[in-house]
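> I'm passing along input.json; it holds JSON, C-alpha atoms and all ligand atoms.
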```
[["chain", "number", "residue", "atom", "x", "y", "z"],
["A", 1, "MET", "CA", 17.53, -1.98, 4.70],
["A", 2, "LYS", "CA", 14.96, -1.43, 1.93],
["A", 3, "ILE", "CA", 13.59, -4.31, -0.16],
["A", 4, "ALA", "CA", 11.43, -3.21, -3.08],
["A", 5, "ALA", "CA", 9.81, -5.74, -5.42],
["A", 6, "ARG", "CA", 10.45, -5.29, -9.13],
["A", 7, "PRO", "CA", 7.42, -5.36, -11.44],
["A", 8, "ASN", "CA", 8.20, -8.74, -13.01],
["A", 9, "LEU", "CA", 10.77, -10.72, -11.10],
["A", 10, "GLY", "CA", 13.02, -10.08, -8.13],
["A", 11, "ALA", "CA", 13.52, -7.20, -5.72],
["A", 12, "ASP", "CA", 16.00, -4.36, -5.32],
["A", 13, "VAL", "CA", 17.84, -4.09, -2.01],
["A", 14, "THR", "CA", 19.20, -0.71, -0.96],
["A", 15, "ASP", "CA", 20.38, 0.95, 2.26],
["A", 16, "VAL", "CA", 22.29, -2.05, 3.51],
["A", 17, "ASP", "CA", 25.89, -2.39, 4.64],
["A", 18, "LEU", "CA", 26.98, -5.87, 3.67],
["A", 19, "HIS", "CA", 30.05, -5.57, 5.91],
["A", 20, "ARG", "CA", 27.82, -5.52, 8.96],
["A", 21, "LEU", "CA", 24.96, -7.94, 8.46],
["A", 22, "SER", "CA", 23.40, -9.04, 11.73],
["A", 23, "PRO", "CA", 21.88, -12.53, 12.04],
["A", 24, "THR", "CA", 18.47, -10.83, 11.82],
["A", 25, "ASP", "CA", 19.47, -9.06, 8.57],
["A", 26, "VAL", "CA", 20.69, -12.36, 7.10],
["A", 27, "ALA", "CA", 17.48, -14.14, 8.10],
["A", 28, "ARG", "CA", 15.45, -11.35, 6.51],
["A", 29, "LEU", "CA", 17.48, -11.48, 3.29],
["A", 30, "LYS", "CA", 17.17, -15.25, 3.07],
["A", 31, "GLU", "CA", 13.39, -14.99, 3.45],
["A", 32, "ALA", "CA", 13.45, -12.25, 0.80],
["A", 33, "VAL", "CA", 15.40, -14.32, -1.73],
["A", 34, "TYR", "CA", 13.01, -17.27, -1.27],
["A", 35, "ASP", "CA", 10.04, -14.89, -1.63],
["A", 36, "HIS", "CA", 11.33, -12.84, -4.59],
["A", 37, "LYS", "CA", 13.61, -15.51, -6.20],
["A", 38, "LEU", "CA", 16.18, -12.83, -7.12],
["A", 39, "LEU", "CA", 17.65, -9.94, -5.13],
["A", 40, "VAL", "CA", 19.65, -7.12, -6.70],
["A", 41, "PHE", "CA", 21.72, -5.21, -4.15],
["A", 42, "HIS", "CA", 22.92, -1.69, -4.99],
["A", 43, "GLY", "CA", 25.77, 0.39, -3.63],
["A", 44, "VAL", "CA", 27.85, -2.66, -2.73],
["A", 45, "ASP", "CA", 31.56, -2.18, -2.04],
["A", 46, "LEU", "CA", 33.11, -5.40, -0.72],
["A", 47, "ASP", "CA", 36.70, -6.53, -1.20],
["A", 48, "ASP", "CA", 37.30, -10.19, -1.99],
["A", 49, "ALA", "CA", 37.82, -11.37, 1.59],
["A", 50, "ASP", "CA", 34.78, -9.42, 2.81],
["A", 51, "TYR", "CA", 32.68, -10.87, -0.02],
["A", 52, "VAL", "CA", 33.53, -14.43, 1.05],
["A", 53, "ALA", "CA", 32.93, -13.56, 4.72],
["A", 54, "MET", "CA", 29.54, -12.03, 3.85],
["A", 55, "ALA", "CA", 28.51, -15.09, 1.79],
["A", 56, "ARG", "CA", 29.50, -17.39, 4.66],
["A", 57, "LYS", "CA", 26.76, -15.81, 6.78],
["A", 58, "PHE", "CA", 24.20, -17.29, 4.36],
["A", 59, "GLY", "CA", 25.53, -20.85, 4.49],
["A", 60, "VAL", "CA", 28.50, -22.86, 3.28],
["A", 61, "PRO", "CA", 30.35, -21.33, 0.29],
["A", 62, "GLN", "CA", 31.01, -23.85, -2.45],
["A", 63, "ARG", "CA", 34.29, -24.67, -4.12],
["A", 64, "TYR", "CA", 33.56, -25.22, -7.80],
["A", 65, "PHE", "CA", 34.55, -28.74, -8.88],
["A", 66, "GLN", "CA", 37.00, -27.46, -11.53],
["A", 67, "SER", "CA", 39.77, -25.52, -9.81],
["A", 68, "HIS", "CA", 40.77, -23.48, -12.88],
["A", 69, "TYR", "CA", 37.65, -21.37, -12.20],
["A", 70, "HIS", "CA", 38.92, -20.47, -8.70],
["A", 71, "HIS", "CA", 40.15, -17.07, -7.58],
["A", 72, "PRO", "CA", 43.89, -17.44, -6.81],
["A", 73, "ARG", "CA", 43.49, -16.52, -3.12],
["A", 74, "HIS", "CA", 39.85, -17.39, -2.48],
["A", 75, "PRO", "CA", 38.83, -20.78, -3.89],
["A", 76, "GLU", "CA", 35.21, -20.02, -2.93],
["A", 77, "ILE", "CA", 35.11, -17.36, -5.68],
["A", 78, "PHE", "CA", 34.27, -18.67, -9.16],
["A", 79, "VAL", "CA", 35.88, -16.25, -11.59],
["A", 80, "SER", "CA", 34.33, -15.50, -14.96],
["A", 81, "ASN", "CA", 36.89, -13.30, -16.61],
["A", 82, "ASN", "CA", 38.69, -12.42, -19.83],
["A", 83, "VAL", "CA", 41.05, -9.72, -18.51],
["A", 84, "PRO", "CA", 44.53, -10.75, -17.34],
["A", 85, "MET", "CA", 45.33, -10.13, -13.64],
["A", 86, "ASP", "CA", 49.00, -9.26, -12.98],
["A", 87, "GLY", "CA", 49.69, -10.50, -16.49],
["A", 88, "ALA", "CA", 48.14, -13.92, -15.88],
["A", 89, "LYS", "CA", 44.96, -15.58, -17.10],
["A", 90, "VAL", "CA", 42.62, -15.97, -14.15],
["A", 91, "GLY", "CA", 39.34, -17.85, -14.19],
["A", 92, "VAL", "CA", 37.41, -18.78, -17.31],
["A", 93, "ALA", "CA", 36.04, -16.50, -20.03],
["A", 94, "GLY", "CA", 32.53, -16.60, -21.40],
["A", 95, "THR", "CA", 30.89, -18.75, -18.73],
["A", 96, "GLY", "CA", 27.17, -19.28, -18.37],
["A", 97, "ARG", "CA", 26.14, -18.24, -21.85],
["A", 98, "MET", "CA", 23.37, -20.82, -21.97],
["A", 99, "TRP", "CA", 20.16, -21.25, -20.03],
["A", 100, "HIS", "CA", 20.87, -23.25, -16.89],
["A", 101, "SER", "CA", 20.50, -23.52, -13.15],
["A", 102, "ASP", "CA", 23.79, -23.77, -11.24],
["A", 103, "TYR", "CA", 25.03, -27.30, -10.51],
["A", 104, "GLN", "CA", 21.88, -28.74, -12.07],
["A", 105, "PHE", "CA", 24.05, -31.57, -13.42],
["A", 106, "PHE", "CA", 25.11, -32.68, -9.94],
["A", 107, "PRO", "CA", 23.01, -34.86, -7.62],
["A", 108, "GLU", "CA", 22.94, -32.00, -5.12],
["A", 109, "PRO", "CA", 22.52, -28.71, -6.95],
["A", 110, "LEU", "CA", 23.55, -25.32, -5.65],
["A", 111, "PRO", "CA", 20.71, -23.54, -3.83],
["A", 112, "LEU", "CA", 21.89, -19.92, -3.80],
["A", 113, "THR", "CA", 24.20, -17.98, -6.12],
["A", 114, "PHE", "CA", 25.78, -14.59, -5.56],
["A", 115, "VAL", "CA", 27.26, -12.82, -8.62],
["A", 116, "MET", "CA", 29.20, -9.58, -8.35],
["A", 117, "PRO", "CA", 30.19, -7.85, -11.60],
["A", 118, "LYS", "CA", 33.79, -6.58, -11.30],
["A", 119, "ILE", "CA", 34.44, -5.31, -14.83],
["A", 120, "VAL", "CA", 31.31, -4.26, -16.67],
["A", 121, "PRO", "CA", 31.67, -4.47, -20.46],
["A", 122, "SER", "CA", 30.91, -1.24, -22.24],
["A", 123, "GLY", "CA", 28.69, -1.00, -25.26],
["A", 124, "GLY", "CA", 25.24, -2.42, -24.70],
["A", 125, "ALA", "CA", 23.44, -3.56, -21.60],
["A", 126, "ARG", "CA", 25.47, -6.33, -20.04],
["A", 127, "GLY", "CA", 23.68, -8.38, -17.49],
["A", 128, "THR", "CA", 22.27, -11.65, -16.32],
["A", 129, "LEU", "CA", 18.97, -12.90, -17.70],
["A", 130, "PHE", "CA", 16.41, -14.78, -15.61],
["A", 131, "VAL", "CA", 13.26, -16.81, -16.16],
["A", 132, "ASP", "CA", 10.81, -17.33, -13.31],
["A", 133, "MET", "CA", 10.31, -21.10, -13.31],
["A", 134, "VAL", "CA", 7.44, -21.01, -10.78],
["A", 135, "ALA", "CA", 5.45, -18.64, -13.00],
["A", 136, "ALA", "CA", 6.41, -20.75, -16.02],
["A", 137, "LEU", "CA", 4.94, -23.87, -14.42],
["A", 138, "ARG", "CA", 1.77, -21.96, -13.52],
["A", 139, "ASP", "CA", 1.41, -20.78, -17.14],
["A", 140, "LEU", "CA", 2.46, -24.00, -18.84],
["A", 141, "PRO", "CA", -0.01, -25.27, -21.47],
["A", 142, "PRO", "CA", -1.91, -28.21, -19.91],
["A", 143, "HIS", "CA", -0.74, -30.74, -22.51],
["A", 144, "LEU", "CA", 2.89, -29.93, -21.68],
["A", 145, "ARG", "CA", 2.30, -30.11, -17.96],
["A", 146, "GLU", "CA", 0.60, -33.49, -18.31],
["A", 147, "ALA", "CA", 3.41, -34.79, -20.50],
["A", 148, "ILE", "CA", 6.15, -33.91, -17.99],
["A", 149, "ALA", "CA", 4.25, -34.65, -14.74],
["A", 150, "GLY", "CA", 6.01, -37.32, -12.70],
["A", 151, "THR", "CA", 8.97, -37.56, -15.10],
["A", 152, "ARG", "CA", 12.67, -37.04, -14.44],
["A", 153, "CYS", "CA", 15.24, -35.45, -16.72],
["A", 154, "PHE", "CA", 18.88, -36.23, -17.34],
["A", 155, "GLN", "CA", 21.14, -33.23, -16.70],
["A", 156, "ASP", "CA", 24.66, -32.95, -18.09],
["A", 157, "ALA", "CA", 27.05, -30.00, -18.61],
["A", 158, "VAL", "CA", 29.56, -31.75, -20.85],
["A", 159, "TYR", "CA", 28.79, -29.61, -23.91],
["A", 160, "TYR", "CA", 29.91, -26.54, -21.94],
["A", 161, "TYR", "CA", 33.28, -27.89, -20.90],
["A", 162, "LYS", "CA", 35.86, -25.17, -21.59],
["A", 163, "VAL", "CA", 39.07, -26.61, -23.05],
["A", 164, "GLN", "CA", 42.28, -25.93, -21.14],
["A", 165, "PRO", "CA", 45.89, -25.64, -22.34],
["A", 166, "HIS", "CA", 46.62, -29.30, -21.48],
["A", 167, "ASP", "CA", 43.73, -30.43, -23.71],
["A", 168, "VAL", "CA", 45.68, -29.71, -26.89],
["A", 169, "ASP", "CA", 45.82, -32.80, -29.15],
["A", 170, "LYS", "CA", 43.04, -34.61, -27.28],
["A", 171, "GLY", "CA", 39.96, -35.74, -29.17],
["A", 172, "ILE", "CA", 36.50, -34.46, -28.28],
["A", 173, "ALA", "CA", 35.44, -37.96, -27.16],
["A", 174, "GLU", "CA", 38.39, -38.14, -24.77],
["A", 175, "LEU", "CA", 37.59, -34.69, -23.33],
["A", 176, "MET", "CA", 33.99, -35.74, -22.81],
["A", 177, "GLU", "CA", 35.03, -38.96, -21.13],
["A", 178, "GLU", "CA", 37.37, -37.08, -18.78],
["A", 179, "PHE", "CA", 34.66, -34.57, -17.91],
["A", 180, "HIS", "CA", 32.17, -37.37, -17.24],
["A", 181, "ARG", "CA", 34.57, -39.03, -14.82],
["A", 182, "GLU", "CA", 34.16, -36.00, -12.56],
["A", 183, "ALA", "CA", 30.65, -34.99, -13.50],
["A", 184, "PRO", "CA", 28.75, -37.89, -15.07],
["A", 185, "GLY", "CA", 25.40, -36.08, -15.06],
["A", 186, "CYS", "CA", 22.33, -37.08, -13.09],
["A", 187, "LEU", "CA", 18.55, -37.31, -12.98],
["A", 188, "HIS", "CA", 16.29, -34.74, -11.29],
["A", 189, "PRO", "CA", 12.51, -34.41, -11.22],
["A", 190, "THR", "CA", 11.24, -32.28, -14.12],
["A", 191, "ILE", "CA", 9.03, -30.42, -11.64],
["A", 192, "ILE", "CA", 10.52, -29.77, -8.20],
["A", 193, "ASP", "CA", 8.89, -28.81, -4.91],
["A", 194, "HIS", "CA", 10.41, -25.89, -3.05],
["A", 195, "PRO", "CA", 11.49, -27.04, 0.42],
["A", 196, "LEU", "CA", 10.68, -23.69, 2.09],
["A", 197, "ARG", "CA", 7.72, -22.32, 0.13],
["A", 198, "GLU", "CA", 4.46, -23.82, -1.06],
["A", 199, "ARG", "CA", 5.68, -23.63, -4.64],
["A", 200, "GLN", "CA", 6.66, -25.87, -7.48],
["A", 201, "ALA", "CA", 8.94, -25.01, -10.38],
["A", 202, "VAL", "CA", 9.95, -26.43, -13.74],
["A", 203, "TYR", "CA", 13.52, -27.68, -13.37],
["A", 204, "VAL", "CA", 14.95, -28.00, -16.88],
["A", 205, "SER", "CA", 17.19, -25.83, -19.04],
["A", 206, "SER", "CA", 18.31, -25.94, -22.65],
["A", 207, "GLY", "CA", 21.94, -25.75, -21.46],
["A", 208, "PHE", "CA", 21.98, -28.84, -19.29],
["A", 209, "THR", "CA", 18.81, -30.92, -19.82],
["A", 210, "LEU", "CA", 19.52, -33.57, -22.45],
["A", 211, "ARG", "CA", 16.48, -35.86, -22.25],
["A", 212, "ILE", "CA", 13.41, -36.94, -20.37],
["A", 213, "ASP", "CA", 14.21, -40.24, -18.70],
["A", 214, "GLY", "CA", 12.49, -43.38, -19.94],
["A", 215, "MET", "CA", 10.81, -41.76, -22.94],
["A", 216, "PRO", "CA", 11.38, -42.64, -26.59],
["A", 217, "HIS", "CA", 14.09, -40.33, -27.91],
["A", 218, "GLU", "CA", 11.95, -38.57, -30.54],
["A", 219, "ARG", "CA", 9.18, -37.79, -28.04],
["A", 220, "SER", "CA", 11.62, -36.62, -25.39],
["A", 221, "GLN", "CA", 13.38, -34.29, -27.86],
["A", 222, "ALA", "CA", 10.11, -32.91, -29.24],
["A", 223, "LEU", "CA", 8.75, -32.22, -25.74],
["A", 224, "LEU", "CA", 11.95, -30.57, -24.55],
["A", 225, "ARG", "CA", 12.09, -28.40, -27.67],
["A", 226, "GLU", "CA", 8.55, -27.24, -27.00],
["A", 227, "LEU", "CA", 9.27, -26.70, -23.31],
["A", 228, "PHE", "CA", 12.45, -24.67, -23.95],
["A", 229, "ALA", "CA", 10.66, -22.52, -26.54],
["A", 230, "PHE", "CA", 7.93, -21.82, -23.98],
["A", 231, "LEU", "CA", 10.38, -21.01, -21.17],
["A", 232, "GLU", "CA", 12.62, -18.80, -23.31],
["A", 233, "GLN", "CA", 9.89, -16.60, -24.85],
["A", 234, "PRO", "CA", 11.17, -13.02, -24.70],
["A", 235, "GLU", "CA", 8.26, -11.96, -22.47],
["A", 236, "ARG", "CA", 9.40, -14.46, -19.78],
["A", 237, "VAL", "CA", 13.00, -13.21, -19.78],
["A", 238, "HIS", "CA", 13.97, -10.54, -17.25],
["A", 239, "GLN", "CA", 17.34, -8.84, -17.07],
["A", 240, "ALA", "CA", 19.39, -7.75, -14.09],
["A", 241, "THR", "CA", 21.74, -5.18, -15.59],
["A", 242, "TRP", "CA", 25.35, -5.09, -14.48],
["A", 243, "ALA", "CA", 26.67, -1.85, -13.02],
["A", 244, "PRO", "CA", 29.35, -0.92, -10.51],
["A", 245, "GLY", "CA", 28.06, -1.61, -6.99],
["A", 246, "VAL", "CA", 25.57, -4.27, -8.07],
["A", 247, "LEU", "CA", 25.43, -7.67, -6.41],
["A", 248, "MET", "CA", 22.89, -10.33, -7.39],
["A", 249, "LEU", "CA", 21.64, -13.20, -5.26],
["A", 250, "TRP", "CA", 19.20, -15.79, -6.60],
["A", 251, "ASP", "CA", 17.46, -19.02, -5.69],
["A", 252, "ASN", "CA", 18.39, -21.69, -8.24],
["A", 253, "ARG", "CA", 15.29, -23.66, -7.26],
["A", 254, "GLN", "CA", 13.00, -20.98, -8.72],
["A", 255, "VAL", "CA", 14.81, -19.34, -11.63],
["A", 256, "MET", "CA", 17.03, -20.33, -14.51],
["A", 257, "HIS", "CA", 19.59, -17.83, -15.78],
["A", 258, "ARG", "CA", 22.17, -17.08, -18.44],
["A", 259, "ALA", "CA", 24.67, -14.37, -19.29],
["A", 260, "THR", "CA", 23.53, -11.83, -21.88],
["A", 261, "GLY", "CA", 25.28, -12.05, -25.20],
["A", 262, "GLN", "CA", 28.22, -9.72, -25.54],
["A", 263, "LEU", "CA", 30.79, -9.00, -28.14],
["A", 264, "HIS", "CA", 33.67, -11.43, -27.92],
["A", 265, "GLY", "CA", 36.73, -9.74, -26.50],
["A", 266, "GLN", "CA", 34.79, -7.07, -24.59],
["A", 267, "PRO", "CA", 36.49, -6.91, -21.19],
["A", 268, "SER", "CA", 34.31, -8.63, -18.60],
["A", 269, "ARG", "CA", 34.82, -10.00, -15.11],
["A", 270, "SER", "CA", 32.43, -11.27, -12.45],
["A", 271, "TYR", "CA", 32.87, -13.07, -9.16],
["A", 272, "ARG", "CA", 30.39, -15.75, -8.17],
["A", 273, "ILE", "CA", 29.99, -17.42, -4.81],
["A", 274, "GLY", "CA", 27.64, -20.38, -4.57],
["A", 275, "VAL", "CA", 26.12, -21.06, -1.17],
["A", 276, "TYR", "CA", 24.59, -24.19, 0.34],
["A", 277, "ASP", "CA", 21.82, -22.70, 2.44],
["A", 278, "GLY", "CA", 21.38, -25.56, 4.91],
["A", 279, "THR", "CA", 18.19, -26.84, 3.27],
["A", 280, "PRO", "CA", 17.87, -29.68, 0.74],
["A", 281, "PHE", "CA", 17.60, -28.42, -2.84],
["A", 282, "TYR", "CA", 14.23, -30.18, -2.99],
["A", 283, "PRO", "CA", 12.61, -32.38, -0.33],
["A", 284, "GLY", "CA", 14.35, -35.72, -0.03],
["A", 285, "LEU", "CA", 17.84, -34.60, -1.06],
["A", 286, "PRO", "CA", 20.64, -34.46, 1.51],
["A", 287, "VAL", "CA", 22.58, -31.30, 2.35],
["A", 288, "THR", "CA", 26.09, -31.95, 1.08],
["A", 289, "GLY", "CA", 27.35, -28.44, 1.55],
["A", 290, "GLU", "CA", 27.43, -28.85, 5.30],
["A", 291, "LYS", "CA", 29.91, -31.70, 4.95],
["A", 292, "GLN", "CA", 32.32, -29.57, 2.89],
["A", 293, "PRO", "CA", 35.58, -28.57, 4.59],
["A", 301, "LIG", "O1", 31.73, -22.41, -17.79],
["A", 301, "LIG", "C1", 30.55, -22.48, -17.45],
["A", 301, "LIG", "O2", 29.64, -21.98, -18.14],
["A", 301, "LIG", "C2", 30.23, -23.18, -16.16],
["A", 301, "LIG", "C3", 29.01, -24.08, -16.25],
["A", 301, "LIG", "C4", 29.28, -25.27, -17.13],
["A", 301, "LIG", "N1", 28.60, -24.56, -14.94],
["A", 301, "LIG", "C5", 28.20, -23.64, -13.95],
["A", 301, "LIG", "C6", 27.38, -24.29, -12.88],
["A", 301, "LIG", "O3", 27.58, -24.06, -11.70],
["A", 301, "LIG", "O4", 26.45, -25.02, -13.20],
["A", 302, "FE", "FE", 25.30, -19.95, -13.69]]
```
Show this structure as structure tokens.
Ligand code: 7UC
Ligand code: FE


Amino acid sequence: MKIAARPNLGADVTDVDLHRLSPTDVARLKEAVYDHKLLVFHGVDLDDADYVAMARKFGVPQRYFQSHYHHPRHPEIFVSNNVPMDGAKVGVAGTGRMWHSDYQFFPEPLPLTFVMPKIVPSGGARGTLFVDMVAALRDLPPHLREAIAGTRCFQDAVYYYKVQPHDVDKGIAELMEEFHREAPGCLHPTIIDHPLRERQAVYVSSGFTLRIDGMPHERSQALLRELFAFLEQPERVHQATWAPGVLMLWDNRQVMHRATGQLHGQPSRSYRIGVYDGTPFYPGLPVTGEKQP
């Protein structure tokens, strides 16, 4: 196994057979993802069952809370897809096209995410974009850091709910209310401590972070606008390009991510598996994943 750091963010992993990971290999890869924040594996060839089995070695695979994202035979696989499978719609198209960290809007967010591109859109570099939130905190202008220190933010994914066939004739308010029954949103610290590294990270995103708790609305909005503009500067954004044989693994505690823009209708499919890694997302949180069936 070779792990080579990229110049800006993440590391490339080559010469590894993901069918045959020993406990030592898994331990090494987990250390590597906490160190580098993002790993990009190359030369990967796993079928669906093997993919789930491989992910299970890293922790407890998640079942996404909305079952229409699930792979028909493997509920642990979250399917982002716009190409029919055996004539049927499978998964959800156009997911993750906003800056976010996975499950940021739940009390216990998702620590690790695997994404495997299955159909790579042609025409333009298709990929996943990342921002290093540890580096961002380090570089944050002092006035911004002081303004957010000790605060908490409200996280909510309702504006990214994807309507389903049975939603026809429902009002937007009703759809939002239904979504909030399952996922009401929650508060998290604006700056989180990493449970396994001596690091802190900014933990907000323009996709899910709606306000800074306990602050007058105008001030909260102005600060978040400034913070998002800082985080999303082009020089902070690093791309992992999709290609056959690529598999990404990242630490949601240290990066935010989004899908690159792509022409609507371009065929695209990726399989995600979220993993609870057996460690609280940040110190003080429980480890729900271990209680999952
Ligand atoms: O459809 C999507 O973009 C899914 C998003 C609202 N949530 C992904 C997650 O795990 O946070
Ligand atoms: Fe995501």

> With distances taken over all atoms listed in the file, which residue among A:Pro117, A:Pro111, A:Gly214, A:Gly87 lies nearest ligand LIG 301 (chain A)?

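Nearest to ligand LIG 301 (chain A): A:Pro111.
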
> So which residues are near ligand LIG 301 (chain A), meaning at most 10 Å away with only C-alpha atoms and all ligand atoms counted, given back as a PyMOL selection string?

chain A and resi 62+64-66+69+78-80+91-106+109-110+113+156-163+207-208+258-259+272-274

> Tell me, in Å to one decimal, how far CA of Asp86 in chain A is from CA of Ala243 in chain A.

23.5 Å

> Nearest residue to Arg20 in chain A out of A:Pro141, A:Tyr51, A:Val287, A:Lys37, using only C-alpha atoms?

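Result for the nearest residue to Arg20 in chain A: A:Tyr51.
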
> Using all atoms listed in the file, which of A:Ile212, A:Ile172, A:Leu231, A:Met1 sits nearest Pro189 in chain A?

A:Ile212

> Would you mind telling me which residue in A:Leu140, A:Val246, A:Cys186, A:Val204 lies nearest to Ile119 in chain A when using only C-alpha atoms?

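The closest residue to Ile119 in chain A is A:Val246.
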
> At what distance in Å, to one decimal, does CA of Pro165 in chain A lie from CA of His180 in chain A?

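Going from CA of His180 in chain A over to CA of Pro165 in chain A covers 18.8 Å.
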
> Which one is closest to Gly261 in chain A: A:Leu187, A:Leu129, A:Met176, A:Leu285? Count all atoms listed in the file.

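Of all the options, A:Leu129 lies closest to Gly261 in chain A.
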
> Between CA of Ile191 in chain A and CA of Pro283 in chain A, what is the spacing in Å?

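For CA of Pro283 in chain A relative to CA of Ile191 in chain A, the distance reads 12.0 Å.
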
> Please determine, counting only C-alpha atoms and all ligand atoms, which residue among A:His19, A:His188, A:Arg269, A:His257 has the shortest atom-to-atom distance to ligand FE 302 (chain A).

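Result for the nearest residue to ligand FE 302 (chain A): A:His257.
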